[in-house]
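J.: Next comes data_10.csv, CSV, C-alpha atoms and all ligand atoms:
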```csv
chain,number,residue,atom,x,y,z
A,1,MET,CA,-8.4,22.1,-4.0
A,2,TYR,CA,-8.3,18.8,-2.1
A,3,LEU,CA,-4.5,18.6,-1.8
A,4,GLU,CA,-2.7,21.9,-1.8
A,5,LEU,CA,1.0,23.0,-1.7
A,6,LYS,CA,1.4,26.5,-0.4
A,7,ASN,CA,4.7,28.3,-1.0
A,8,VAL,CA,6.7,25.1,-0.6
A,9,SER,CA,10.5,25.4,-0.8
A,10,PHE,CA,12.9,22.5,-0.4
A,11,SER,CA,16.7,22.1,-0.6
A,12,TYR,CA,18.9,19.1,-0.4
A,13,GLY,CA,21.6,20.6,1.7
A,14,ASP,CA,22.4,24.1,0.3
A,15,ALA,CA,21.1,23.4,-3.1
A,16,PRO,CA,17.5,24.7,-3.6
A,17,VAL,CA,15.4,22.3,-5.6
A,18,LEU,CA,11.9,23.6,-5.1
A,19,THR,CA,11.2,27.4,-4.8
A,20,ASN,CA,7.8,28.7,-3.6
A,21,ILE,CA,5.8,25.9,-5.1
A,22,SER,CA,2.0,26.7,-5.0
A,23,CYS,CA,-0.4,24.3,-6.7
A,24,GLY,CA,-3.0,21.7,-5.9
A,25,ILE,CA,-5.1,18.8,-7.1
A,26,CYS,CA,-8.8,18.2,-6.9
A,27,ARG,CA,-11.0,15.1,-6.4
A,28,GLY,CA,-12.4,13.5,-9.5
A,29,GLU,CA,-9.5,14.7,-11.7
A,30,ILE,CA,-6.2,13.4,-13.0
A,31,THR,CA,-3.5,16.0,-12.8
A,32,GLY,CA,-0.2,15.7,-14.6
A,33,LEU,CA,2.9,17.0,-13.0
A,34,VAL,CA,4.9,17.7,-16.1
A,35,GLY,CA,8.5,18.8,-16.5
A,36,ALA,CA,12.0,18.0,-17.9
A,37,ASN,CA,14.5,15.7,-16.1
A,38,GLY,CA,15.6,17.4,-13.0
A,39,ALA,CA,12.7,19.9,-12.9
A,40,GLY,CA,11.8,18.7,-9.4
A,41,LYS,CA,8.8,16.3,-10.0
A,42,THR,CA,10.1,13.5,-7.7
A,43,THR,CA,11.2,16.0,-5.0
A,44,THR,CA,7.7,17.5,-5.1
A,45,ILE,CA,6.2,14.0,-4.7
A,46,TYR,CA,8.6,13.2,-1.9
A,47,ASN,CA,7.4,16.3,0.0
A,48,ILE,CA,3.8,15.2,-0.5
A,49,VAL,CA,4.3,11.6,0.6
A,50,LYS,CA,6.3,12.8,3.6
A,51,LYS,CA,9.6,11.2,2.6
A,52,VAL,CA,11.1,14.7,3.1
A,53,GLN,CA,9.8,17.9,4.8
A,54,PRO,CA,9.6,21.3,3.2
A,55,GLN,CA,11.9,23.9,4.8
A,56,LYS,CA,9.2,26.5,4.0
A,57,GLY,CA,5.5,26.5,3.2
A,58,GLU,CA,2.9,23.9,4.0
A,59,ILE,CA,1.1,21.0,2.3
A,60,THR,CA,-2.6,20.4,3.3
A,61,ILE,CA,-5.2,17.8,2.5
A,62,ASP,CA,-8.7,19.1,3.0
A,63,GLY,CA,-7.3,22.1,4.8
A,64,GLU,CA,-5.3,20.0,7.3
A,65,ASN,CA,-1.5,20.1,7.4
A,66,ILE,CA,-0.2,16.6,6.3
A,67,ARG,CA,2.1,16.6,9.3
A,68,SER,CA,-0.9,16.1,11.6
A,69,LEU,CA,-2.3,13.3,9.4
A,70,THR,CA,-0.6,10.3,10.7
A,71,GLY,CA,-1.1,6.5,10.2
A,72,ASN,CA,-4.3,5.6,8.4
A,73,ARG,CA,-5.5,9.3,8.5
A,74,PHE,CA,-2.9,10.1,5.8
A,75,PRO,CA,-5.0,9.3,2.7
A,76,VAL,CA,-2.2,9.1,0.1
A,77,THR,CA,-1.0,6.1,-1.8
A,78,TYR,CA,2.1,6.2,-4.0
A,79,VAL,CA,3.6,4.4,-6.9
A,80,PRO,CA,7.4,5.1,-6.6
A,81,GLU,CA,9.6,5.8,-9.6
A,82,SER,CA,12.0,3.1,-8.5
A,83,PRO,CA,10.4,-0.1,-7.3
A,84,LEU,CA,10.4,-0.8,-3.6
A,85,TYR,CA,10.1,-4.4,-2.5
A,86,TYR,CA,11.3,-7.2,-0.2
A,87,GLU,CA,13.7,-9.5,-2.1
A,88,GLU,CA,12.5,-12.6,-0.2
A,89,LEU,CA,8.8,-12.2,-0.7
A,90,THR,CA,6.9,-13.5,-3.7
A,91,VAL,CA,4.4,-11.4,-5.6
A,92,ILE,CA,1.4,-12.9,-3.8
A,93,GLU,CA,3.1,-12.6,-0.4
A,94,HIS,CA,3.7,-8.8,-1.1
A,95,LEU,CA,0.0,-8.5,-1.9
A,96,HIS,CA,-1.2,-10.3,1.2
A,97,PHE,CA,1.3,-8.3,3.3
A,98,VAL,CA,-0.1,-5.0,2.2
A,99,LYS,CA,-3.7,-6.1,2.3
A,100,ALA,CA,-3.1,-7.2,6.0
A,101,LEU,CA,-1.9,-3.6,6.7
A,102,TYR,CA,-5.1,-2.1,5.3
A,103,PRO,CA,-7.9,-4.5,6.3
A,104,LYS,CA,-10.5,-1.8,5.6
A,105,SER,CA,-9.4,-1.3,2.0
A,106,GLU,CA,-12.1,-2.4,-0.4
A,107,ALA,CA,-9.6,-3.4,-3.1
A,108,SER,CA,-9.4,-7.1,-3.8
A,109,ILE,CA,-6.2,-9.0,-4.4
A,110,GLU,CA,-8.0,-11.3,-6.8
A,111,ALA,CA,-9.4,-8.5,-8.9
A,112,LEU,CA,-6.0,-6.7,-9.2
A,113,VAL,CA,-4.2,-9.9,-10.1
A,114,GLU,CA,-6.7,-10.5,-12.9
A,115,LYS,CA,-6.8,-6.9,-14.1
A,116,LEU,CA,-3.0,-6.5,-14.1
A,117,ASN,CA,-2.3,-10.0,-15.6
A,118,LEU,CA,-0.2,-11.0,-12.6
A,119,ARG,CA,-1.4,-14.5,-12.2
A,120,GLU,CA,1.5,-16.3,-13.8
A,121,HIS,CA,3.9,-14.3,-11.7
A,122,LEU,CA,2.3,-14.9,-8.3
A,123,HIS,CA,5.0,-17.2,-6.9
A,124,LYS,CA,8.0,-15.4,-8.2
A,125,VAL,CA,10.2,-13.1,-6.1
A,126,PRO,CA,10.9,-9.6,-7.5
A,127,GLY,CA,14.4,-10.5,-8.8
A,128,MET,CA,12.7,-12.9,-11.3
A,129,LEU,CA,10.3,-10.3,-12.7
A,130,SER,CA,10.7,-8.1,-15.8
A,131,LYS,CA,10.8,-4.3,-15.3
A,132,GLY,CA,7.2,-4.0,-16.5
A,133,THR,CA,5.9,-6.8,-14.3
A,134,LEU,CA,7.7,-5.2,-11.3
A,135,GLN,CA,6.0,-1.9,-12.1
A,136,LYS,CA,2.6,-3.7,-12.2
A,137,LEU,CA,3.4,-5.2,-8.7
A,138,MET,CA,4.1,-1.6,-7.5
A,139,ILE,CA,0.8,-0.4,-9.0
A,140,ALA,CA,-1.1,-3.4,-7.4
A,141,ILE,CA,0.5,-2.7,-4.0
A,142,SER,CA,-0.4,1.0,-4.2
A,143,LEU,CA,-4.0,0.2,-5.0
A,144,LEU,CA,-4.4,-2.2,-2.1
A,145,ARG,CA,-4.0,0.6,0.4
A,146,GLN,CA,-6.8,2.7,1.7
A,147,TYR,CA,-6.5,6.0,0.0
A,148,GLU,CA,-8.2,9.1,-1.4
A,149,ILE,CA,-5.2,10.4,-3.4
A,150,LEU,CA,-3.1,8.3,-5.7
A,151,ILE,CA,0.3,9.7,-6.6
A,152,ALA,CA,2.3,7.9,-9.3
A,153,ASP,CA,5.9,8.9,-10.2
A,154,GLU,CA,6.5,8.1,-13.9
A,155,PRO,CA,4.1,5.1,-13.7
A,156,PHE,CA,4.3,4.2,-17.4
A,157,ASN,CA,8.0,3.3,-17.2
A,158,GLY,CA,8.5,-0.2,-18.4
A,159,LEU,CA,4.8,-0.9,-19.3
A,160,ASP,CA,4.0,-2.2,-22.8
A,161,PRO,CA,1.1,-0.6,-24.8
A,162,LYS,CA,-1.4,-3.1,-23.5
A,163,GLN,CA,-0.5,-2.6,-19.9
A,164,ILE,CA,-0.5,1.2,-20.4
A,165,SER,CA,-4.0,0.9,-21.7
A,166,ILE,CA,-5.1,-1.3,-18.7
A,167,PHE,CA,-3.5,1.2,-16.3
A,168,LYS,CA,-5.3,4.1,-18.0
A,169,GLY,CA,-8.5,2.2,-17.5
A,170,ILE,CA,-7.7,1.8,-13.8
A,171,LEU,CA,-7.0,5.5,-13.4
A,172,ASN,CA,-10.3,6.3,-15.0
A,173,GLU,CA,-12.1,4.1,-12.5
A,174,ILE,CA,-10.3,5.8,-9.6
A,175,ARG,CA,-11.3,9.2,-11.0
A,176,GLN,CA,-14.9,8.0,-11.2
A,177,GLN,CA,-14.7,7.1,-7.5
A,178,ASN,CA,-14.1,10.9,-7.0
A,179,LYS,CA,-10.5,10.3,-5.8
A,180,ALA,CA,-7.7,12.6,-6.7
A,181,ILE,CA,-4.8,11.5,-8.9
A,182,LEU,CA,-1.4,13.1,-9.5
A,183,ILE,CA,0.9,11.6,-12.1
A,184,SER,CA,4.4,12.8,-12.8
A,185,THR,CA,5.7,12.4,-16.3
A,186,HIS,CA,8.0,13.9,-18.9
A,187,LEU,CA,6.0,12.2,-21.6
A,188,LEU,CA,3.8,15.1,-22.9
A,189,ASP,CA,1.6,13.1,-25.3
A,190,MET,CA,0.9,10.6,-22.5
A,191,ALA,CA,-0.1,13.4,-20.2
A,192,GLU,CA,-2.3,15.0,-22.8
A,193,ASN,CA,-4.0,11.7,-23.4
A,194,ILE,CA,-5.1,11.0,-19.8
A,195,CYS,CA,-4.9,14.2,-17.7
A,196,ASP,CA,-7.6,16.7,-17.0
A,197,LYS,CA,-5.2,19.4,-15.7
A,198,TYR,CA,-1.5,20.1,-15.7
A,199,ILE,CA,1.2,21.5,-13.4
A,200,PHE,CA,4.3,22.5,-15.4
A,201,LEU,CA,7.4,22.4,-13.2
A,202,HIS,CA,10.5,24.1,-14.5
A,203,GLY,CA,13.8,24.6,-12.6
A,204,GLY,CA,12.0,23.8,-9.3
A,205,LYS,CA,9.2,26.4,-9.9
A,206,VAL,CA,5.6,26.2,-11.1
A,207,LEU,CA,5.7,27.7,-14.6
A,208,ALA,CA,2.0,27.3,-15.2
A,209,ALA,CA,-1.0,25.3,-14.1
A,210,GLY,CA,-4.5,24.6,-15.4
A,211,THR,CA,-6.5,22.7,-18.0
A,212,LYS,CA,-5.2,22.8,-21.6
A,213,GLU,CA,-7.9,25.2,-22.6
A,214,GLU,CA,-7.0,27.6,-19.7
A,215,LEU,CA,-3.3,27.5,-20.6
A,216,ILE,CA,-4.0,28.2,-24.3
A,217,LYS,CA,-6.2,31.2,-23.3
A,218,LYS,CA,-3.9,32.5,-20.7
A,219,TYR,CA,-0.8,32.5,-22.9
A,220,GLY,CA,-2.6,33.5,-26.2
A,221,LEU,CA,-1.7,30.3,-28.0
A,222,PRO,CA,-3.5,28.9,-31.1
A,223,GLY,CA,-6.6,27.0,-30.1
A,224,ASN,CA,-5.4,23.7,-31.5
A,225,SER,CA,-2.0,23.8,-29.6
A,226,SER,CA,-0.8,20.4,-28.3
A,227,LEU,CA,0.5,20.1,-24.7
A,228,GLU,CA,4.0,19.9,-26.2
A,229,THR,CA,3.5,23.2,-28.1
A,230,ILE,CA,2.2,24.8,-24.9
A,231,TYR,CA,5.1,23.5,-22.8
A,232,LEU,CA,7.8,24.4,-25.3
A,233,SER,CA,6.5,27.9,-25.8
A,234,LEU,CA,6.4,28.4,-22.0
A,235,ILE,CA,9.9,27.3,-21.3
A,236,GLN,CA,11.5,29.5,-24.0
B,1,LIG,N1,19.1,13.2,-2.8
B,1,LIG,C1,19.5,14.3,-3.5
B,1,LIG,N2,20.5,15.0,-3.1
B,1,LIG,C2,20.9,16.1,-3.8
B,1,LIG,N3,20.3,16.6,-5.0
B,1,LIG,C3,19.2,15.8,-5.4
B,1,LIG,C4,18.8,14.6,-4.7
B,1,LIG,N4,17.7,14.1,-5.4
B,1,LIG,C5,17.5,15.0,-6.4
B,1,LIG,N5,18.4,16.0,-6.4
B,1,LIG,C6,18.4,17.1,-7.4
B,1,LIG,O1,17.2,17.8,-7.3
B,1,LIG,C7,16.8,18.2,-8.6
B,1,LIG,C8,15.4,17.7,-8.9
B,1,LIG,O2,15.4,16.3,-9.0
B,1,LIG,P1,14.1,15.5,-9.2
B,1,LIG,O3,14.5,14.0,-9.1
B,1,LIG,O4,13.1,15.9,-8.2
B,1,LIG,O5,13.6,15.9,-10.6
B,1,LIG,P2,12.6,15.1,-11.6
B,1,LIG,O6,11.8,16.2,-12.2
B,1,LIG,O7,11.8,14.1,-10.9
B,1,LIG,O8,13.6,14.5,-12.7
B,1,LIG,P3,13.5,13.1,-13.5
B,1,LIG,O9,12.4,13.3,-14.6
B,1,LIG,O10,14.8,13.0,-14.1
B,1,LIG,O11,13.1,12.0,-12.6
B,1,LIG,C9,17.9,17.7,-9.6
B,1,LIG,O12,18.8,18.7,-9.9
B,1,LIG,C10,18.6,16.6,-8.8
B,1,LIG,O13,19.9,16.5,-9.2
```
Could you quickly redo this structure as structure tokens?
T.:
Amino acid sequence: MYLELKNVSFSYGDAPVLTNISCGICRGEITGLVGANGAGKTTTIYNIVKKVQPQKGEITIDGENIRSLTGNRFPVTYVPESPLYYEELTVIEHLHFVKALYPKSEASIEALVEKLNLREHLHKVPGMLSKGTLQKLMIAISLLRQYEILIADEPFNGLDPKQISIFKGILNEIRQQNKAILISTHLLDMAENICDKYIFLHGGKVLAAGTKEELIKKYGLPGNSSLETIYLSLIQ
């Protein structure tokens, strides 16, 4: 595993949210972090992107604790669930700002603007953007950083079918570059459509993890079971 969570537990105050989470993601794969509302997907991501710290356990990348990977040595980029931006900067100013922070990143502003159909919005501030266009700005920003791991929290929120298809194409390119991808979603058909592996979170615990075929075999389910069938049979 490239990124690994080992027995991670986390509470907000006294309320335990994650209990002994152990799982990981590999390079060259898209892993779906799947679970119901409140299962702990965003909190797991917050622990990985260092927004919060686990009270127990550790998170490693290539065997090294993420606490010791500071600055540009921390190879994670992140698409947040709720957009984060500067009210006063336009779309193009956001892109130049992030690009300036990561001068060694090979991503090109021009290519991303083209790919994500952002050209007509370049001189607008975030308050003037639709939800989907704001989400595309968040995706563009995340891809401008230098990274080996892309983490996206409910990235399909607000995207129309064409933009979902474009984003799926981008994810495939990133997978081909042998980078690791973790996507959180409660949309099981979407996860089944794009992910190589799954981590099922339920009540702050890992219920099961693996490829669809591994899960079907492990739990003795019919060979043609959908991800939804697998998930529903496991949470019962
Ligand atoms: N800042 C916070 N303070 C206290 N409890 C929180 C906080 N943030 C989240 N929680 C609680 O932690 C649990 C897990 O929330 P989390 O947002 O990680 O779940 P999720 O799987 O991402 O859900 P969703 O699909 O609705 O985004 C929930 O019970 C939630 O109420």
J.: Using all atoms listed in the file, which residues sit within 6 Å of Ile199 (chain A) once same-chain residues fewer than 2 positions away are excluded, as a list in words?
T.: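 Those residues are Leu33, Val34 and Ala209 of chain A.
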J.: I'd like the contact shell of Ala208 (chain A) - 9 Å cut-off, all atoms listed in the file, skipping same-chain residues fewer than 6 positions apart - returned as a list in words.
T.: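 After dropping sequence-adjacent residues, the list is Tyr198, Ile199, Phe200, Leu201, Leu215 and Leu234 of chain A.
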J.: Find the residue from A:Lys212, A:Lys218, A:Lys205, A:Lys99 that sits nearest to ligand LIG 1 (chain B); use all atoms listed in the file when measuring.
T.: A:Lys205
J.: Skip region 157-172 of chain A itself and residues of its chain fewer than 5 positions away, then list as JSON, numbers by chain all residues within 8 Å of it, counting all atoms listed in the file.
T.: {"A": [30, 115, 116, 131, 132, 133, 135, 136, 181, 194]}
J.: Between A:Tyr2, A:Gly32, A:Tyr85, A:Asn193, which residue has the minimum interatomic distance to Phe97 (chain A), considering only C-alpha atoms?
T.: A:Tyr85
J.: Give me, as a list in words, all polymer residues having an atom no more than 8 Å from Ile235 (chain A), counting all atoms listed in the file and skipping those fewer than 2 positions away in the same chain.
T.: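 Non-adjacent residues within range: His202, Leu207, Tyr231, Leu232 and Ser233 of chain A.
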J.: Please compute the CA of Val98 (chain A)-atom N2 of ligand LIG 1 (chain B) distance, one decimal, in Å.
T.: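 Between CA of Val98 (chain A) and atom N2 of ligand LIG 1 (chain B) the gap works out to 29.2 Å.
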J.: Which protein, DNA or RNA residues have an atom within 9 Å of ligand LIG 1 (chain B), counting only C-alpha atoms and all ligand atoms, as JSON, numbers by chain?
T.: {"A": [11, 12, 13, 15, 16, 17, 18, 33, 34, 35, 36, 37, 38, 39, 40, 41, 42, 43, 44, 45, 46, 81, 153, 154, 184, 185, 186, 201, 202, 203, 204]}
J.: To one decimal place, how far is CA of Ile66 (chain A) from CA of Ala191 (chain A) in Å?
T.: 26.7 Å
